[in-house]
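Student: Structure file input.pdb (PDB, C-alpha atoms and all ligand atoms) right here:
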MODEL        1
ATOM      1  CA  ARG T   1     -53.518 103.085  -4.373
ATOM      2  CA  LYS T   2     -54.636  99.910  -6.024
ATOM      3  CA  ARG T   3     -55.017  96.823  -3.885
ATOM      4  CA  ASP T   4     -52.191  95.108  -5.815
ATOM      5  CA  ASP T   5     -49.769  97.899  -4.896
ATOM      6  CA  VAL T   6     -50.514  97.413  -1.211
ATOM      7  CA  ASP T   7     -50.093  93.631  -1.532
ATOM      8  CA  VAL T   8     -46.801  94.044  -3.315
ATOM      9  CA  GLU T   9     -45.479  96.487  -0.735
ATOM     10  CA  ALA T  10     -46.414  94.173   2.119
ATOM     11  CA  LEU T  11     -44.771  91.258   0.334
ATOM     12  CA  GLU T  12     -41.634  93.269  -0.367
ATOM     13  CA  SER T  13     -41.143  94.043   3.287
ATOM     14  CA  ALA T  14     -41.932  90.470   4.334
ATOM     15  CA  VAL T  15     -39.351  89.157   1.838
ATOM     16  CA  ALA T  16     -36.810  91.701   3.072
ATOM     17  CA  GLU T  17     -37.321  90.378   6.609
ATOM     18  CA  LEU T  18     -37.136  86.732   5.549
ATOM     19  CA  ASP T  19     -34.139  84.977   7.093
ATOM     20  CA  PRO T  20     -32.744  82.693   4.388
ATOM     21  CA  LYS T  21     -30.889  80.622   6.979
ATOM     22  CA  ALA T  22     -33.969  79.850   9.019
ATOM     23  CA  THR T  23     -35.730  76.531   8.552
ATOM     24  CA  TYR T  24     -39.067  76.827   6.844
ATOM     25  CA  THR T  25     -41.256  73.742   6.900
ATOM     26  CA  THR T  26     -44.479  74.792   5.199
ATOM     27  CA  PHE T  27     -45.295  77.113   2.315
ATOM     28  CA  ALA T  28     -47.640  78.963   4.697
ATOM     29  CA  GLU T  29     -44.572  80.273   6.577
ATOM     30  CA  LEU T  30     -43.157  81.966   3.479
ATOM     31  CA  PRO T  31     -44.109  85.419   2.198
ATOM     32  CA  LEU T  32     -45.910  84.335  -0.978
ATOM     33  CA  SER T  33     -48.572  86.096  -3.012
ATOM     34  CA  GLU T  34     -52.173  85.029  -2.630
ATOM     35  CA  PRO T  35     -52.343  83.485  -6.136
ATOM     36  CA  THR T  36     -49.274  81.311  -5.470
ATOM     37  CA  ARG T  37     -50.619  80.294  -2.038
ATOM     38  CA  GLU T  38     -53.911  79.277  -3.585
ATOM     39  CA  GLY T  39     -52.206  77.499  -6.476
ATOM     40  CA  LEU T  40     -50.027  75.440  -4.115
ATOM     41  CA  LYS T  41     -53.016  74.653  -1.944
ATOM     42  CA  SER T  42     -55.111  73.522  -4.895
ATOM     43  CA  ALA T  43     -52.309  71.137  -5.914
ATOM     44  CA  HIS T  44     -52.057  69.871  -2.314
ATOM     45  CA  PHE T  45     -48.505  71.076  -1.792
ATOM     46  CA  SER T  46     -48.069  72.130   1.828
ATOM     47  CA  THR T  47     -44.643  70.996   3.084
ATOM     48  CA  LEU T  48     -41.404  72.069   1.426
ATOM     49  CA  THR T  49     -38.939  69.430   0.273
ATOM     50  CA  ASP T  50     -35.337  69.845   1.475
ATOM     51  CA  ILE T  51     -34.077  71.509  -1.678
ATOM     52  CA  GLN T  52     -37.097  73.832  -1.691
ATOM     53  CA  ALA T  53     -36.530  74.777   1.961
ATOM     54  CA  LYS T  54     -32.931  75.692   1.199
ATOM     55  CA  ALA T  55     -33.363  77.356  -2.184
ATOM     56  CA  VAL T  56     -36.713  79.178  -2.124
ATOM     57  CA  PRO T  57     -35.977  81.739   0.639
ATOM     58  CA  LEU T  58     -32.657  82.689  -0.975
ATOM     59  CA  ALA T  59     -34.187  82.873  -4.430
ATOM     60  CA  LEU T  60     -37.082  85.012  -3.150
ATOM     61  CA  LYS T  61     -34.463  87.427  -1.860
ATOM     62  CA  GLY T  62     -32.966  87.669  -5.334
ATOM     63  CA  ARG T  63     -29.867  85.556  -4.857
ATOM     64  CA  ASP T  64     -28.304  83.524  -7.650
ATOM     65  CA  ILE T  65     -28.397  79.827  -6.870
ATOM     66  CA  LEU T  66     -26.368  76.803  -7.818
ATOM     67  CA  GLY T  67     -28.547  73.929  -6.670
ATOM     68  CA  ALA T  68     -27.799  70.238  -6.683
ATOM     69  CA  ALA T  69     -30.250  67.547  -5.685
ATOM     70  CA  LYS T  70     -31.104  64.201  -7.140
ATOM     71  CA  THR T  71     -34.035  63.527  -9.421
ATOM     72  CA  GLY T  72     -37.359  63.534  -7.600
ATOM     73  CA  SER T  73     -36.333  65.995  -4.894
ATOM     74  CA  GLY T  74     -38.663  68.768  -6.013
ATOM     75  CA  LYS T  75     -36.400  71.081  -7.975
ATOM     76  CA  THR T  76     -39.197  72.279 -10.269
ATOM     77  CA  LEU T  77     -41.068  74.156  -7.535
ATOM     78  CA  ALA T  78     -37.742  75.292  -6.077
ATOM     79  CA  PHE T  79     -37.345  77.508  -9.129
ATOM     80  CA  LEU T  80     -40.938  78.069 -10.306
ATOM     81  CA  ILE T  81     -42.126  79.575  -7.015
ATOM     82  CA  PRO T  82     -39.352  82.222  -7.042
ATOM     83  CA  VAL T  83     -40.023  82.895 -10.737
ATOM     84  CA  LEU T  84     -43.721  83.548 -10.113
ATOM     85  CA  GLU T  85     -43.113  85.526  -6.945
ATOM     86  CA  ASN T  86     -40.242  87.692  -8.097
ATOM     87  CA  LEU T  87     -42.088  88.621 -11.302
ATOM     88  CA  TYR T  88     -45.277  89.246  -9.317
ATOM     89  CA  ARG T  89     -43.562  91.579  -6.870
ATOM     90  CA  ALA T  90     -41.921  93.389  -9.801
ATOM     91  CA  GLN T  91     -45.380  93.555 -11.445
ATOM     92  CA  CYS T  92     -43.807  92.134 -14.574
ATOM     93  CA  ILE T  93     -47.213  91.116 -15.875
ATOM     94  CA  GLY T  94     -49.057  91.529 -19.142
ATOM     95  CA  GLY T  95     -48.277  92.534 -22.694
ATOM     96  CA  ASP T  96     -46.201  95.655 -22.000
ATOM     97  CA  ALA T  97     -43.999  94.042 -19.364
ATOM     98  CA  GLY T  98     -42.183  91.859 -21.875
ATOM     99  CA  LEU T  99     -40.370  88.638 -21.217
ATOM    100  CA  GLY T 100     -39.439  88.491 -17.534
ATOM    101  CA  ALA T 101     -38.244  84.913 -17.105
ATOM    102  CA  MET T 102     -36.696  82.215 -19.268
ATOM    103  CA  VAL T 103     -36.594  78.605 -18.094
ATOM    104  CA  ILE T 104     -34.274  76.396 -20.137
ATOM    105  CA  SER T 105     -34.726  72.642 -20.070
ATOM    106  CA  PRO T 106     -32.712  69.953 -21.901
ATOM    107  CA  THR T 107     -35.613  68.254 -23.689
ATOM    108  CA  ARG T 108     -39.066  69.034 -25.026
ATOM    109  CA  GLU T 109     -40.627  66.438 -22.720
ATOM    110  CA  LEU T 110     -39.080  67.989 -19.607
ATOM    111  CA  ALA T 111     -40.043  71.473 -20.792
ATOM    112  CA  ILE T 112     -43.648  70.336 -21.134
ATOM    113  CA  GLN T 113     -43.551  68.871 -17.602
ATOM    114  CA  ILE T 114     -42.222  72.153 -16.184
ATOM    115  CA  PHE T 115     -44.912  74.059 -18.057
ATOM    116  CA  GLU T 116     -47.599  71.797 -16.609
ATOM    117  CA  VAL T 117     -46.349  72.474 -13.066
ATOM    118  CA  LEU T 118     -46.294  76.201 -13.827
ATOM    119  CA  ARG T 119     -49.881  75.969 -15.060
ATOM    120  CA  THR T 120     -50.918  74.045 -11.957
ATOM    121  CA  ILE T 121     -49.568  76.507  -9.420
ATOM    122  CA  GLY T 122     -50.320  79.535 -11.588
ATOM    123  CA  ARG T 123     -53.973  78.745 -12.205
ATOM    124  CA  LYS T 124     -55.405  80.442  -9.097
ATOM    125  CA  GLY T 125     -55.343  84.069 -10.075
ATOM    126  CA  HIS T 126     -51.894  84.663 -11.569
ATOM    127  CA  ILE T 127     -52.255  86.573 -14.802
ATOM    128  CA  PHE T 128     -48.860  86.015 -16.354
ATOM    129  CA  ALA T 129     -48.659  84.989 -19.977
ATOM    130  CA  ALA T 130     -46.550  81.848 -20.126
ATOM    131  CA  GLY T 131     -45.669  79.637 -23.055
ATOM    132  CA  LEU T 132     -43.506  76.880 -24.445
ATOM    133  CA  VAL T 133     -40.882  77.374 -27.144
ATOM    134  CA  ILE T 134     -39.653  73.902 -27.983
ATOM    135  CA  GLY T 135     -40.067  73.684 -31.742
ATOM    136  CA  GLY T 136     -42.767  71.617 -33.355
ATOM    137  CA  LYS T 137     -44.541  74.778 -34.494
ATOM    138  CA  SER T 138     -43.371  77.119 -37.205
ATOM    139  CA  LEU T 139     -40.797  79.685 -36.140
ATOM    140  CA  ARG T 140     -43.310  82.360 -37.120
ATOM    141  CA  GLU T 141     -46.058  80.988 -34.867
ATOM    142  CA  GLU T 142     -43.643  80.784 -31.945
ATOM    143  CA  GLN T 143     -42.411  84.295 -32.710
ATOM    144  CA  ASP T 144     -45.892  85.764 -32.404
ATOM    145  CA  ALA T 145     -46.532  83.910 -29.157
ATOM    146  CA  LEU T 146     -43.124  84.901 -27.713
ATOM    147  CA  ALA T 147     -43.901  88.573 -28.222
ATOM    148  CA  ARG T 148     -46.688  88.287 -25.633
ATOM    149  CA  MET T 149     -45.020  86.043 -23.049
ATOM    150  CA  ASN T 150     -43.867  87.019 -19.565
ATOM    151  CA  ILE T 151     -42.470  83.545 -18.884
ATOM    152  CA  VAL T 152     -41.054  81.161 -21.480
ATOM    153  CA  VAL T 153     -40.148  77.519 -20.923
ATOM    154  CA  CYS T 154     -37.856  76.415 -23.717
ATOM    155  CA  THR T 155     -35.155  74.154 -25.084
ATOM    156  CA  PRO T 156     -31.702  75.633 -25.780
ATOM    157  CA  GLY T 157     -31.476  75.074 -29.547
ATOM    158  CA  ARG T 158     -34.890  76.519 -30.275
ATOM    159  CA  ILE T 159     -34.643  79.613 -28.086
ATOM    160  CA  LEU T 160     -31.204  80.382 -29.533
ATOM    161  CA  GLN T 161     -32.739  80.182 -32.985
ATOM    162  CA  HIS T 162     -35.210  82.906 -31.962
ATOM    163  CA  LEU T 163     -32.571  85.038 -30.280
ATOM    164  CA  SER T 164     -30.344  84.938 -33.353
ATOM    165  CA  GLN T 165     -33.015  85.102 -36.089
ATOM    166  CA  THR T 166     -35.930  87.095 -34.707
ATOM    167  CA  ALA T 167     -35.082  90.772 -34.785
ATOM    168  CA  ALA T 168     -38.213  91.665 -32.815
ATOM    169  CA  PHE T 169     -37.497  89.234 -29.970
ATOM    170  CA  ASN T 170     -36.723  91.610 -27.135
ATOM    171  CA  VAL T 171     -35.159  90.302 -23.925
ATOM    172  CA  ASP T 172     -34.265  93.674 -22.387
ATOM    173  CA  ASN T 173     -36.726  93.159 -19.518
ATOM    174  CA  LEU T 174     -35.574  89.660 -18.652
ATOM    175  CA  ARG T 175     -34.894  89.475 -14.914
ATOM    176  CA  MET T 176     -34.711  85.740 -14.299
ATOM    177  CA  LEU T 177     -32.938  82.888 -16.040
ATOM    178  CA  VAL T 178     -33.396  79.284 -14.920
ATOM    179  CA  LEU T 179     -31.171  76.479 -16.159
ATOM    180  CA  ASP T 180     -32.830  73.216 -15.189
ATOM    181  CA  GLU T 181     -30.972  69.897 -15.378
ATOM    182  CA  ALA T 182     -27.847  71.800 -16.334
ATOM    183  CA  ASP T 183     -25.727  68.644 -16.230
ATOM    184  CA  ARG T 184     -27.980  67.034 -18.821
ATOM    185  CA  ILE T 185     -28.073  70.141 -21.006
ATOM    186  CA  LEU T 186     -24.273  70.042 -21.102
ATOM    187  CA  ASP T 187     -24.079  66.259 -21.611
ATOM    188  CA  MET T 188     -26.358  66.674 -24.611
ATOM    189  CA  GLY T 189     -23.816  69.014 -26.194
ATOM    190  CA  PHE T 190     -25.618  72.332 -25.692
ATOM    191  CA  SER T 191     -22.691  74.061 -24.007
ATOM    192  CA  ARG T 192     -21.989  76.462 -26.878
ATOM    193  CA  ASP T 193     -25.686  77.157 -27.349
ATOM    194  CA  LEU T 194     -25.993  78.080 -23.669
ATOM    195  CA  ASP T 195     -22.980  80.382 -23.860
ATOM    196  CA  ALA T 196     -24.509  82.067 -26.904
ATOM    197  CA  ILE T 197     -27.932  82.425 -25.224
ATOM    198  CA  ILE T 198     -26.361  84.000 -22.139
ATOM    199  CA  GLU T 199     -24.586  86.522 -24.378
ATOM    200  CA  TYR T 200     -27.971  87.848 -25.496
ATOM    201  CA  LEU T 201     -29.421  88.273 -21.997
ATOM    202  CA  PRO T 202     -29.170  91.289 -19.699
ATOM    203  CA  THR T 203     -26.337  90.815 -17.185
ATOM    204  CA  ASP T 204     -28.420  92.432 -14.471
ATOM    205  CA  ARG T 205     -30.588  89.376 -13.880
ATOM    206  CA  GLN T 206     -31.092  86.618 -11.337
ATOM    207  CA  THR T 207     -29.952  83.142 -12.399
ATOM    208  CA  LEU T 208     -31.014  79.852 -10.834
ATOM    209  CA  LEU T 209     -29.035  76.828 -11.983
ATOM    210  CA  PHE T 210     -30.193  73.363 -10.976
ATOM    211  CA  SER T 211     -28.498  70.088 -11.616
ATOM    212  CA  ALA T 212     -28.737  66.502 -10.407
ATOM    213  CA  THR T 213     -24.951  66.214 -10.269
ATOM    214  CA  GLN T 214     -22.063  68.619  -9.755
ATOM    215  CA  THR T 215     -19.648  68.115 -12.621
ATOM    216  CA  LYS T 216     -16.719  70.205 -13.817
ATOM    217  CA  LYS T 217     -18.795  71.344 -16.804
ATOM    218  CA  VAL T 218     -21.571  72.507 -14.482
ATOM    219  CA  GLY T 219     -18.974  74.425 -12.473
ATOM    220  CA  ASP T 220     -17.695  76.096 -15.639
ATOM    221  CA  LEU T 221     -21.225  77.065 -16.641
ATOM    222  CA  ALA T 222     -21.873  78.387 -13.137
ATOM    223  CA  ARG T 223     -18.825  80.626 -13.329
ATOM    224  CA  LEU T 224     -20.043  82.005 -16.632
ATOM    225  CA  SER T 225     -23.693  82.512 -15.756
ATOM    226  CA  LEU T 226     -24.001  83.128 -12.008
ATOM    227  CA  ARG T 227     -23.187  86.133  -9.879
ATOM    228  CA  ASP T 228     -21.968  85.449  -6.339
ATOM    229  CA  PRO T 229     -24.078  82.287  -6.161
ATOM    230  CA  GLU T 230     -25.302  80.577  -3.073
ATOM    231  CA  TYR T 231     -24.495  76.855  -3.213
ATOM    232  CA  VAL T 232     -27.411  74.726  -2.185
ATOM    233  CA  SER T 233     -27.260  70.965  -2.161
ATOM    234  CA  VAL T 234     -29.128  68.094  -0.673
ATOM    235  CA  HIS T 235     -27.273  64.886  -0.046
ATOM    236  CA  GLU T 236     -28.868  61.536   0.356
ATOM    237  CA  ALA T 237     -28.717  60.141   3.847
ATOM    238  CA  ALA T 238     -25.817  57.710   4.098
TER     239      ALA T 238
HETATM  240  P1  LIG L 301     -36.869  66.984  -9.618
HETATM  241  O1  LIG L 301     -36.982  68.070 -10.642
HETATM  242  O2  LIG L 301     -35.940  67.325  -8.510
HETATM  243  O3  LIG L 301     -36.563  65.666 -10.239
HETATM  244  P2  LIG L 301     -39.712  67.356  -9.399
HETATM  245  O4  LIG L 301     -39.774  68.817  -9.278
HETATM  246  O5  LIG L 301     -40.033  66.769 -10.723
HETATM  247  O6  LIG L 301     -38.293  66.814  -8.929
HETATM  248  O7  LIG L 301     -40.664  66.737  -8.269
HETATM  249  C1  LIG L 301     -40.728  65.337  -8.054
HETATM  250  C2  LIG L 301     -42.104  64.976  -7.488
HETATM  251  O8  LIG L 301     -42.272  65.523  -6.204
HETATM  252  C3  LIG L 301     -43.263  65.488  -8.333
HETATM  253  O9  LIG L 301     -44.213  64.483  -8.441
HETATM  254  C4  LIG L 301     -43.802  66.647  -7.533
HETATM  255  O10 LIG L 301     -45.181  66.839  -7.732
HETATM  256  C5  LIG L 301     -43.495  66.240  -6.109
HETATM  257  N1  LIG L 301     -43.297  67.394  -5.215
HETATM  258  C6  LIG L 301     -42.487  68.443  -5.437
HETATM  259  N2  LIG L 301     -42.527  69.311  -4.406
HETATM  260  C7  LIG L 301     -43.383  68.801  -3.510
HETATM  261  C8  LIG L 301     -43.850  69.233  -2.226
HETATM  262  N3  LIG L 301     -43.414  70.372  -1.675
HETATM  263  N4  LIG L 301     -44.753  68.460  -1.583
HETATM  264  C9  LIG L 301     -45.170  67.306  -2.132
HETATM  265  N5  LIG L 301     -44.772  66.829  -3.325
HETATM  266  C10 LIG L 301     -43.876  67.569  -4.018
HETATM  267 MG    MG L 302     -36.565  68.211 -12.661
ENDMDL
END
Would you mind writing the structure in this file as structure tokens?
Tutor:
Amino acid sequence: RKRDDVDVEALESAVAELDPKATYTTFAELPLSEPTREGLKSAHFSTLTDIQAKAVPLALKGRDILGAAKTGSGKTLAFLIPVLENLYRAQCIGGDAGLGAMVISPTRELAIQIFEVLRTIGRKGHIFAAGLVIGGKSLREEQDALARMNIVVCTPGRILQHLSQTAAFNVDNLRMLVLDEADRILDMGFSRDLDAIIEYLPTDRQTLLFSATQTKKVGDLARLSLRDPEYVSVHEAA
């Protein structure tokens, strides 16, 4: 067997044994792949924030998550670590694996920030193909790049344009959907776009929905997009 197969098997059993209700303080205590460990270390991330401590173990175990925590609480890593790890353990890597994860962000600027964090923690040995689909390039250029991506970070309007207009855009292998800043996506009027995007995606997927606030619209979206979600929230100290 290849070394990777052994690593993946060991990780699978460690994740199966992970107790999502236990309190994890450092990334070193979590069953993470070597590339993710090294990536976090190189960026000097060692202690989990509260939302990460609550969300990451559950998300590693494949649960759907509805997460609420204010801006600045570390939501980006709370979803990017599970994205990298769950795709890694599924060996959803390289050109034949297809698109494994879609991260939807309300704005181009936020999408770029997420992509930069993904690059930072992915740079130590992960071999996923990741890219941005936020417009600003021709549809054709994005189309060609999308065909090779395992992870896409995108804005709702632009990715829907590809889903509805690009016959060759195949999402059959998609296993993870992340909706970041869901409250903002909805406030910006993308509700129908999100519904339409979700219609295109496999139902047998894991969905992580993060929001700074819990509004009725977020609840409605959660009912539509999540399966038996675990509610995770971090409140400010009074
Ligand atoms: P949010 O999306 O909740 O607004 P971010 O993911 O943008 O928060 O993170 C806010 C800041 O906290 C960023 O500067 C990020 O680098 C930092 N950060 C996130 N997680 C950690 C961590 N585990 N340890 C130290 N700093 C962190
Ligand atoms: Mg954020």
Student: Hey, what comes out of the PyMOL selection byres (((chain T and resi 24-28) around 6) and not hetatm) on this file? Could you write it as a ChimeraX atom specification?
Tutor: /T:23,29-30,46-48,53
Student: Under the rule that only C-alpha atoms and all ligand atoms are counted, which of T:Lys21, T:Lys61, T:Lys70, T:Arg37 is the nearest residue to ligand LIG 301 (chain L)?
Tutor: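 Counting only C-alpha atoms and all ligand atoms, the residue closest to ligand LIG 301 (chain L) is T:Lys70.
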Student: Choose the residue, out of T:Gly72, T:Asp19, T:Ile159, T:Ile65, that has the smallest atom-to-atom separation from Ser225 (chain T); count all atoms listed in the file.
Tutor: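 Using all atoms listed in the file, Ser225 (chain T) sits closest to T:Ile65.
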Student: What would the selection look like, as a PDB file with C-alpha atoms, keeping the file's coordinate frame, if the PyMOL selection byres (((chain T and resi 202) around 9) and not hetatm) were run on the coordinates I just shared?
Tutor:
ATOM      1  CA  VAL T 171     -35.159  90.302 -23.925  1.00  0.00           C
ATOM      2  CA  ASP T 172     -34.265  93.674 -22.387  1.00  0.00           C
ATOM      3  CA  ASN T 173     -36.726  93.159 -19.518  1.00  0.00           C
ATOM      4  CA  LEU T 174     -35.574  89.660 -18.652  1.00  0.00           C
ATOM      5  CA  ARG T 175     -34.894  89.475 -14.914  1.00  0.00           C
ATOM      6  CA  ILE T 198     -26.361  84.000 -22.139  1.00  0.00           C
ATOM      7  CA  GLU T 199     -24.586  86.522 -24.378  1.00  0.00           C
ATOM      8  CA  TYR T 200     -27.971  87.848 -25.496  1.00  0.00           C
ATOM      9  CA  LEU T 201     -29.421  88.273 -21.997  1.00  0.00           C
ATOM     10  CA  THR T 203     -26.337  90.815 -17.185  1.00  0.00           C
ATOM     11  CA  ASP T 204     -28.420  92.432 -14.471  1.00  0.00           C
ATOM     12  CA  ARG T 205     -30.588  89.376 -13.880  1.00  0.00           C
TER      13      ARG T 205
END
Student: Skip region 212-221 of chain T itself and residues of its chain fewer than 4 positions away, then list as a VMD selection string all residues within 7 Å of it, counting only C-alpha atoms.
Tutor: chain T and resid 68 to 71 181 to 183 225
Student: Using all atoms listed in the file, which residue out of T:Leu80, T:Ile51, T:Val103, T:Val6 lies closest to Leu66 (chain T)?
Tutor: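 Among the listed residues, the smallest separation from Leu66 (chain T) belongs to T:Ile51.
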Student: Calculate how many Å separate CA of Thr107 (chain T) from atom C6 of ligand LIG 301 (chain L), rounding to one decimal.
Tutor: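 It comes out at 19.5 Å.
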Student: Ranking T:Gln206, T:Ser33, T:Ser105, T:Asn170 by minimum distance to Arg158 (chain T) and counting all atoms listed in the file, which one comes first?
Tutor: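 Among the listed residues, the smallest separation from Arg158 (chain T) belongs to T:Ser105.
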Student: Enclose the full set of atoms of region 145-157 of chain T listed in the file within a box whose edges lie along x, y and z, apply 3 Å of padding to each of the six sides, and report centre and edge lengths in Å to one decimal as AutoDock Vina command-line options.
Tutor:
--center_x -39.1 --center_y 81.4 --center_z -24.2 --size_x 21.2 --size_y 20.4 --size_z 16.7
Student: Do you know which residues the PyMOL selection byres (((chain T and resi 141-157) around 7) and not hetatm) returns on this file, as a VMD selection string?
Tutor: chain T and resid 93 to 95 98 to 108 111 115 128 to 134 137 to 140 158 to 161 169 190 193 to 194
Student: State, in Å with one decimal place, the distance from CA of Leu60 (chain T) to atom O9 of ligand LIG 301 (chain L).
Tutor: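 Going from CA of Leu60 (chain T) over to atom O9 of ligand LIG 301 (chain L) covers 22.4 Å.
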Student: Would you mind telling me which residue in T:Lys124, T:Arg119, T:Lys75, T:Arg227 lies nearest to ligand MG 302 (chain L) when using all atoms listed in the file?
Tutor: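 Going through T:Lys124, T:Arg119, T:Lys75, T:Arg227 one by one, the smallest distance to ligand MG 302 (chain L) is for T:Lys75.
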Student: Looking at all atoms listed in the file, which of T:Asp7, T:Asp195, T:Asp50, T:Asp64 is the one that sits closest to ligand LIG 301 (chain L)?
Tutor: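 Residue with the minimum atom-to-atom distance to ligand LIG 301 (chain L): T:Asp50.
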Student: Work out how far apart CA of Ala196 (chain T) and CA of Leu208 (chain T) are and give it in Å to one decimal.
Tutor: 17.5 Å
Student: Please list, as an NGL selection string, the residues that have an atom at most 10 Å away from (-24.9, 82.8, -4.2) in the coordinates of this file, counting only C-alpha atoms.
Tutor: :T and (58-59 or 62-67 or 207-208 or 226-232)
